[in-house]
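Novice: Once you've had a glance at the structure underneath, I'll fire off some questions.
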Amino acid sequence: MNFVLKGTIFVASFVVAAAGIKSYVDHSVRVVCRRFELELRNLQSDKKTFSEIYRTHSSWGTPEHLSGLGSAKRYTMPCIEYVQKFIDTNKLQTIYDFGCGSYEWMQHVSVPKNVQYYGVDVVESVIQENKRKYEKDNIHFVCIDSTDDFLKCSGDLLIVKDVFECWNIERMQYFFQHVLPNFKYAIMVDYCDPKGRNNSPNSPTGPVSSKDVEAAPFNLKCKESRLYEINFNEKGRKWKTSKKIALWENPNCVRPQSNVTDSNNGSNKSEKNG
Ligand SMILES: C[S@@+](CC[C@H](N)C(=O)[O-])C[C@H]1O[C@@H](n2cnc3c(N)ncnc32)[C@H](O)[C@@H]1O
């Protein structure tokens, strides 16, 4: 009897242990595959990643709002008003809109004729469409191959809206180190969790994840920042989210202004940082 009981306990323990090991192995395989998939996405150039998102309307785009629903005029008024006021009250010669997408919200900002606006993006089809629809004497669109093509660029105001929220932390750090110092002012706008759950170290490049440029690990010292709430109401579905507008001023910016080159015209090409 004792022998049978011991045998049963042994078999039961073996079955439980085997099930535990199997579930642990399954979980580990899933974690490794997911990590591998994310790493692959992070290694892929921004040109490939974002062209694919525009082509398939995956991640954040829709056929009506190619750059994302958050770029529609009805959800961007605080941003339009903020940028308009900044342009109207500061002496600017050049504005660069990095990651301009389909120029959906920025077309509602009035840029004075004596100010040059450059919308810059890695997605060729979007830039071509913007050129066709919106290009004017002082409104230009430029396609670049990667952030590295933008390193030689400098100017008065840099606008970066809803780009960091689609980037991983490493890309953002590279941008803050190498691009930001070339501009006098930067207005940066991204989804931001007011409760502070931002800047996840695992955020991949492509899908949206909330970012706060003033929080660790970036800790940018901004001149001012403000949160605004967006109340989405689409096809009977309602939800809300918050965005942060951060204004950064560079007191050391003395660099002369220089232009970005269209990737079609043969600029330096590099895949280093997307
Ligand atoms: C969510 S969309 C936002 C577009 C626009 N700023 C807006 O608010 O409507 C992000 C944009 O960033 C662009 N982008 C991502 N990485 C880039 C890079 N390295 N250089 C230039 N543009 C980039 C994408 O192609 C995409 O158009």
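Ordered as shown in the structure tokens, chains take letters A, B, and onward, while each chain numbers its residues from 1 and ligands are numbered from 1 in the order shown.
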With only C-alpha atoms and all ligand atoms counted and 7 Å as the cut-off, give the residues of chain A in contact with ligand 1, each with its shortest interatomic distance in Å and the pair that gives it, as JSON lines.
Specialist:
```
{"residue": "A:Asp46", "atom": "CA", "partner": "ligand 1", "partner_atom_place_in_ligand_line": "16 (N)", "distance": 5.0}
{"residue": "A:Phe50", "atom": "CA", "partner": "ligand 1", "partner_atom_place_in_ligand_line": "25 (O)", "distance": 4.8}
{"residue": "A:Ser51", "atom": "CA", "partner": "ligand 1", "partner_atom_place_in_ligand_line": "25 (O)", "distance": 6.6}
{"residue": "A:Trp60", "atom": "CA", "partner": "ligand 1", "partner_atom_place_in_ligand_line": "1 (C)", "distance": 6.7}
{"residue": "A:Ser67", "atom": "CA", "partner": "ligand 1", "partner_atom_place_in_ligand_line": "2 (S)", "distance": 4.5}
{"residue": "A:Gly68", "atom": "CA", "partner": "ligand 1", "partner_atom_place_in_ligand_line": "1 (C)", "distance": 5.6}
{"residue": "A:Ser71", "atom": "CA", "partner": "ligand 1", "partner_atom_place_in_ligand_line": "9 (O)", "distance": 4.4}
{"residue": "A:Phe98", "atom": "CA", "partner": "ligand 1", "partner_atom_place_in_ligand_line": "21 (C)", "distance": 5.7}
{"residue": "A:Gly99", "atom": "CA", "partner": "ligand 1", "partner_atom_place_in_ligand_line": "22 (N)", "distance": 3.5}
{"residue": "A:Cys100", "atom": "CA", "partner": "ligand 1", "partner_atom_place_in_ligand_line": "6 (N)", "distance": 4.1}
{"residue": "A:Gly101", "atom": "CA", "partner": "ligand 1", "partner_atom_place_in_ligand_line": "27 (O)", "distance": 3.4}
{"residue": "A:Ser102", "atom": "CA", "partner": "ligand 1", "partner_atom_place_in_ligand_line": "9 (O)", "distance": 6.3}
{"residue": "A:Tyr103", "atom": "CA", "partner": "ligand 1", "partner_atom_place_in_ligand_line": "9 (O)", "distance": 6.0}
{"residue": "A:Glu104", "atom": "CA", "partner": "ligand 1", "partner_atom_place_in_ligand_line": "9 (O)", "distance": 5.6}
{"residue": "A:Trp105", "atom": "CA", "partner": "ligand 1", "partner_atom_place_in_ligand_line": "9 (O)", "distance": 6.0}
{"residue": "A:Val120", "atom": "CA", "partner": "ligand 1", "partner_atom_place_in_ligand_line": "21 (C)", "distance": 6.0}
{"residue": "A:Asp121", "atom": "CA", "partner": "ligand 1", "partner_atom_place_in_ligand_line": "22 (N)", "distance": 3.7}
{"residue": "A:Val122", "atom": "CA", "partner": "ligand 1", "partner_atom_place_in_ligand_line": "21 (C)", "distance": 4.5}
{"residue": "A:Val123", "atom": "CA", "partner": "ligand 1", "partner_atom_place_in_ligand_line": "25 (O)", "distance": 5.1}
{"residue": "A:Ile144", "atom": "CA", "partner": "ligand 1", "partner_atom_place_in_ligand_line": "21 (C)", "distance": 6.6}
{"residue": "A:Ser146", "atom": "CA", "partner": "ligand 1", "partner_atom_place_in_ligand_line": "19 (N)", "distance": 4.8}
{"residue": "A:Thr147", "atom": "CA", "partner": "ligand 1", "partner_atom_place_in_ligand_line": "19 (N)", "distance": 4.2}
{"residue": "A:Val160", "atom": "CA", "partner": "ligand 1", "partner_atom_place_in_ligand_line": "6 (N)", "distance": 6.2}
{"residue": "A:Lys161", "atom": "CA", "partner": "ligand 1", "partner_atom_place_in_ligand_line": "6 (N)", "distance": 4.3}
{"residue": "A:Asp162", "atom": "CA", "partner": "ligand 1", "partner_atom_place_in_ligand_line": "3 (C)", "distance": 4.7}
{"residue": "A:Val163", "atom": "CA", "partner": "ligand 1", "partner_atom_place_in_ligand_line": "10 (C)", "distance": 4.4}
{"residue": "A:Cys166", "atom": "CA", "partner": "ligand 1", "partner_atom_place_in_ligand_line": "1 (C)", "distance": 6.6}
{"residue": "A:Gly274", "atom": "CA", "partner": "ligand 1", "partner_atom_place_in_ligand_line": "19 (N)", "distance": 5.4}
```
Novice: Find the residues of stretch 62-117 of chain A that sit at most 10 Å from stretch 244-250 of chain A; for each, write down the nearest two atoms and how far apart they are in Å, to one decimal. Count only C-alpha atoms. Sort by chain, then by number going up, and give it as JSON lines.
Specialist:
```
{"residue": "A:Pro78", "atom": "CA", "partner": "A:Ile245", "partner_atom": "CA", "distance": 9.0}
{"residue": "A:Cys79", "atom": "CA", "partner": "A:Ile245", "partner_atom": "CA", "distance": 7.3}
{"residue": "A:Tyr82", "atom": "CA", "partner": "A:Ile245", "partner_atom": "CA", "distance": 8.5}
{"residue": "A:Val83", "atom": "CA", "partner": "A:Ile245", "partner_atom": "CA", "distance": 9.7}
{"residue": "A:Phe86", "atom": "CA", "partner": "A:Leu247", "partner_atom": "CA", "distance": 9.8}
```
Novice: Give me the residues within 8 Å of stretch 206-208 of chain A as a VMD selection string, counting only C-alpha atoms and dropping any in the same chain fewer than 2 places off.
Specialist: chain A and resid 41 49 to 50 53 59 to 60 165 to 167 204 210
Novice: Could you pull the residues within 8 Å of stretch 108-116 of chain A, counting only C-alpha atoms, minus those fewer than 6 positions along the same chain, as a CSV table (one decimal) with N, CA and C atoms, in the first residue's frame?
Specialist:
```csv
chain,number,residue,atom,x,y,z
A,73,LYS,N,-7.8,67.7,-38.0
A,73,LYS,CA,-7.9,69.1,-37.5
A,73,LYS,C,-8.7,69.2,-36.2
A,80,ILE,N,-2.4,73.5,-33.2
A,80,ILE,CA,-2.4,74.4,-34.3
A,80,ILE,C,-2.3,75.8,-33.7
A,81,GLU,N,-3.1,76.1,-32.7
A,81,GLU,CA,-3.1,77.4,-32.1
A,81,GLU,C,-1.8,77.8,-31.4
A,83,VAL,N,1.3,76.6,-32.2
A,83,VAL,CA,2.3,76.8,-33.2
A,83,VAL,C,2.1,78.1,-33.9
A,84,GLN,N,0.8,78.4,-34.2
A,84,GLN,CA,0.5,79.7,-34.9
A,84,GLN,C,0.9,80.9,-34.0
A,87,ILE,N,4.7,81.2,-34.1
A,87,ILE,CA,5.2,81.8,-35.3
A,87,ILE,C,4.9,83.3,-35.4
A,92,LEU,N,11.1,84.5,-37.1
A,92,LEU,CA,11.7,83.2,-37.6
A,92,LEU,C,12.0,83.4,-39.1
A,93,GLN,N,13.0,82.7,-39.6
A,93,GLN,CA,13.2,82.6,-41.0
A,93,GLN,C,12.9,81.2,-41.6
A,94,THR,N,13.2,80.2,-40.8
A,94,THR,CA,13.0,78.8,-41.3
A,94,THR,C,12.4,78.0,-40.2
A,95,ILE,N,11.4,77.1,-40.7
A,95,ILE,CA,10.7,76.1,-39.9
A,95,ILE,C,11.0,74.8,-40.5
A,137,ASP,N,5.8,78.9,-52.9
A,137,ASP,CA,7.1,79.5,-52.9
A,137,ASP,C,7.8,79.3,-51.5
A,138,ASN,N,7.1,79.4,-50.4
A,138,ASN,CA,7.8,79.2,-49.1
A,138,ASN,C,7.4,77.9,-48.4
A,139,ILE,N,6.7,77.0,-49.1
A,139,ILE,CA,6.3,75.7,-48.5
A,139,ILE,C,6.9,74.6,-49.3
A,140,HIS,N,7.9,73.9,-48.7
A,140,HIS,CA,8.6,72.9,-49.4
A,140,HIS,C,8.5,71.5,-48.7
```
Novice: Just asking: which residues within stretch 3-243 of chain A are strand (DSSP E) according to DSSP, as a PyMOL selection string?
Specialist: chain A and resi 94-98+116-121+139-143+155-161+183-191+224-234+237-243
Novice: What is the distance, in Å and to one decimal place, between atom CA of A:Lys211 and atom CA of A:Tyr228?
Specialist: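 Atom CA of A:Tyr228 lies at a distance of 14.1 Å from atom CA of A:Lys211.
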Novice: Which neighbours of stretch 214-222 of chain A fall inside 12 Å, counting only C-alpha atoms, when residues of the same chain fewer than 6 positions from it are skipped, and could you give them as a PyMOL selection string?
Specialist: chain A and resi 164+169-177+180-181+185-190+192-201+244-251
Novice: Now that the selection is made, can you save its residues with N, CA and C atoms as a CSV table (one decimal), in the first residue's frame?
Specialist:
```csv
chain,number,residue,atom,x,y,z
A,164,PHE,N,8.2,61.0,-32.0
A,164,PHE,CA,8.9,60.3,-30.9
A,164,PHE,C,8.0,59.2,-30.3
A,169,ILE,N,13.5,54.4,-27.5
A,169,ILE,CA,14.3,55.4,-26.7
A,169,ILE,C,15.7,55.7,-27.3
A,170,GLU,N,16.3,54.7,-27.9
A,170,GLU,CA,17.6,54.9,-28.5
A,170,GLU,C,17.6,55.9,-29.6
A,171,ARG,N,16.6,55.8,-30.5
A,171,ARG,CA,16.5,56.8,-31.6
A,171,ARG,C,16.3,58.2,-31.0
A,172,MET,N,15.4,58.3,-30.0
A,172,MET,CA,15.2,59.6,-29.4
A,172,MET,C,16.5,60.2,-28.9
A,173,GLN,N,17.2,59.4,-28.1
A,173,GLN,CA,18.5,59.9,-27.5
A,173,GLN,C,19.4,60.4,-28.6
A,174,TYR,N,19.5,59.6,-29.7
A,174,TYR,CA,20.4,60.0,-30.8
A,174,TYR,C,19.9,61.4,-31.4
A,175,PHE,N,18.6,61.5,-31.5
A,175,PHE,CA,18.1,62.8,-32.1
A,175,PHE,C,18.4,64.0,-31.2
A,176,PHE,N,18.2,63.8,-29.9
A,176,PHE,CA,18.4,64.9,-28.9
A,176,PHE,C,19.9,65.3,-28.9
A,177,GLN,N,20.8,64.3,-29.1
A,177,GLN,CA,22.2,64.6,-29.0
A,177,GLN,C,22.7,65.3,-30.3
A,180,LEU,N,18.8,68.1,-32.3
A,180,LEU,CA,18.2,69.2,-31.5
A,180,LEU,C,19.1,70.4,-31.3
A,181,PRO,N,20.4,70.2,-31.0
A,181,PRO,CA,21.3,71.4,-30.8
A,181,PRO,C,21.5,72.3,-32.0
A,185,TYR,N,14.8,76.8,-31.6
A,185,TYR,CA,13.6,76.4,-30.8
A,185,TYR,C,13.2,75.0,-31.3
A,186,ALA,N,12.5,74.3,-30.4
A,186,ALA,CA,11.9,73.1,-30.9
A,186,ALA,C,10.5,73.0,-30.2
A,187,ILE,N,9.5,72.7,-31.0
A,187,ILE,CA,8.2,72.4,-30.4
A,187,ILE,C,7.9,70.9,-30.6
A,188,MET,N,7.8,70.1,-29.5
A,188,MET,CA,7.7,68.7,-29.6
A,188,MET,C,6.3,68.3,-29.0
A,189,VAL,N,5.6,67.4,-29.8
A,189,VAL,CA,4.3,67.0,-29.3
A,189,VAL,C,4.2,65.5,-29.4
A,190,ASP,N,3.7,64.9,-28.3
A,190,ASP,CA,3.5,63.4,-28.3
A,190,ASP,C,2.5,63.0,-27.4
A,192,CYS,N,1.2,61.5,-24.2
A,192,CYS,CA,1.9,61.5,-22.9
A,192,CYS,C,0.9,61.1,-21.8
A,193,ASP,N,1.3,60.2,-21.0
A,193,ASP,CA,0.4,59.8,-19.9
A,193,ASP,C,0.6,60.7,-18.7
A,194,PRO,N,-0.5,61.5,-18.3
A,194,PRO,CA,-0.4,62.4,-17.2
A,194,PRO,C,0.0,61.7,-15.9
A,195,LYS,N,-0.2,60.4,-15.8
A,195,LYS,CA,0.2,59.7,-14.6
A,195,LYS,C,1.6,59.3,-14.6
A,196,GLY,N,2.3,59.7,-15.7
A,196,GLY,CA,3.8,59.5,-15.7
A,196,GLY,C,4.3,58.1,-16.2
A,197,ARG,N,3.3,57.3,-16.8
A,197,ARG,CA,3.8,56.0,-17.3
A,197,ARG,C,4.2,56.2,-18.8
A,198,ASN,N,5.4,56.8,-18.9
A,198,ASN,CA,5.9,57.1,-20.3
A,198,ASN,C,7.3,56.5,-20.4
A,199,ASN,N,7.9,56.6,-21.6
A,199,ASN,CA,9.2,56.3,-22.0
A,199,ASN,C,9.6,54.9,-21.6
A,200,SER,N,8.7,53.9,-21.9
A,200,SER,CA,9.0,52.5,-21.6
A,200,SER,C,10.3,52.1,-22.4
A,201,PRO,N,11.3,51.5,-21.7
A,201,PRO,CA,12.5,51.1,-22.4
A,201,PRO,C,12.3,50.1,-23.5
A,244,LYS,N,1.3,66.1,-24.9
A,244,LYS,CA,2.1,67.1,-24.3
A,244,LYS,C,2.7,67.9,-25.4
A,245,ILE,N,2.6,69.3,-25.3
A,245,ILE,CA,3.3,70.2,-26.1
A,245,ILE,C,4.5,70.7,-25.3
A,246,ALA,N,5.7,70.5,-25.8
A,246,ALA,CA,6.9,71.0,-25.0
A,246,ALA,C,7.7,71.9,-25.9
A,247,LEU,N,8.0,73.1,-25.4
A,247,LEU,CA,8.8,74.1,-26.1
A,247,LEU,C,10.2,74.1,-25.5
A,248,TRP,N,11.2,73.9,-26.4
A,248,TRP,CA,12.6,73.8,-25.9
A,248,TRP,C,13.3,75.0,-26.6
A,249,GLU,N,14.1,75.7,-25.8
A,249,GLU,CA,14.9,76.8,-26.4
A,249,GLU,C,16.3,76.6,-26.2
A,250,ASN,N,17.1,76.8,-27.3
A,250,ASN,CA,18.5,76.5,-27.2
A,250,ASN,C,19.3,77.8,-27.1
A,251,PRO,N,19.8,78.2,-26.0
A,251,PRO,CA,20.4,79.5,-25.8
A,251,PRO,C,21.8,79.6,-26.5
```
Novice: For a quick check of understanding, using only C-alpha atoms, which of A:Ile159, A:Leu227, A:Leu151, A:Val179 has the smallest distance to A:Thr261?
Specialist: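 Among the listed residues, the smallest separation from A:Thr261 belongs to A:Leu151.
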Novice: Considering only alpha helix (DSSP H) as DSSP defines it on the backbone, what residues of stretch 137-243 of chain A qualify? List them as a list in words.
Specialist: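 The alpha helix (DSSP H) subset of stretch 137-243 of chain A is Ile169, Glu170, Arg171, Met172, Gln173, Tyr174, Phe175, Phe176, Gln177 and His178 of chain A.
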Novice: Record the distance separating atom CA of A:Val142 and atom CA of A:His65, expressed in Å with one decimal.
Specialist: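 Separation of atom CA of A:Val142 and atom CA of A:His65: 20.1 Å.
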Novice: Between atom CA of A:Ser242 and atom CA of A:Ile230, what is the distance in Å, rounded to a tenth?
Specialist: 5.9 Å
Novice: Counting only C-alpha atoms, figure out which residue out of A:Thr241, A:Asn90, A:Asn182, A:Asn202 gets nearest to A:Gly155.
Specialist: A:Asn182
Novice: List the neighbours of A:Pro63 out to 12 Å using only C-alpha atoms; skip same-chain residues closer than 6 positions along the sequence, and give me the result as a list in words.
Specialist: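 With the cut-off at 12 Å, the set is Ile53, Tyr54, Arg55, Thr56, His57, Leu69 and Ser102 of chain A.
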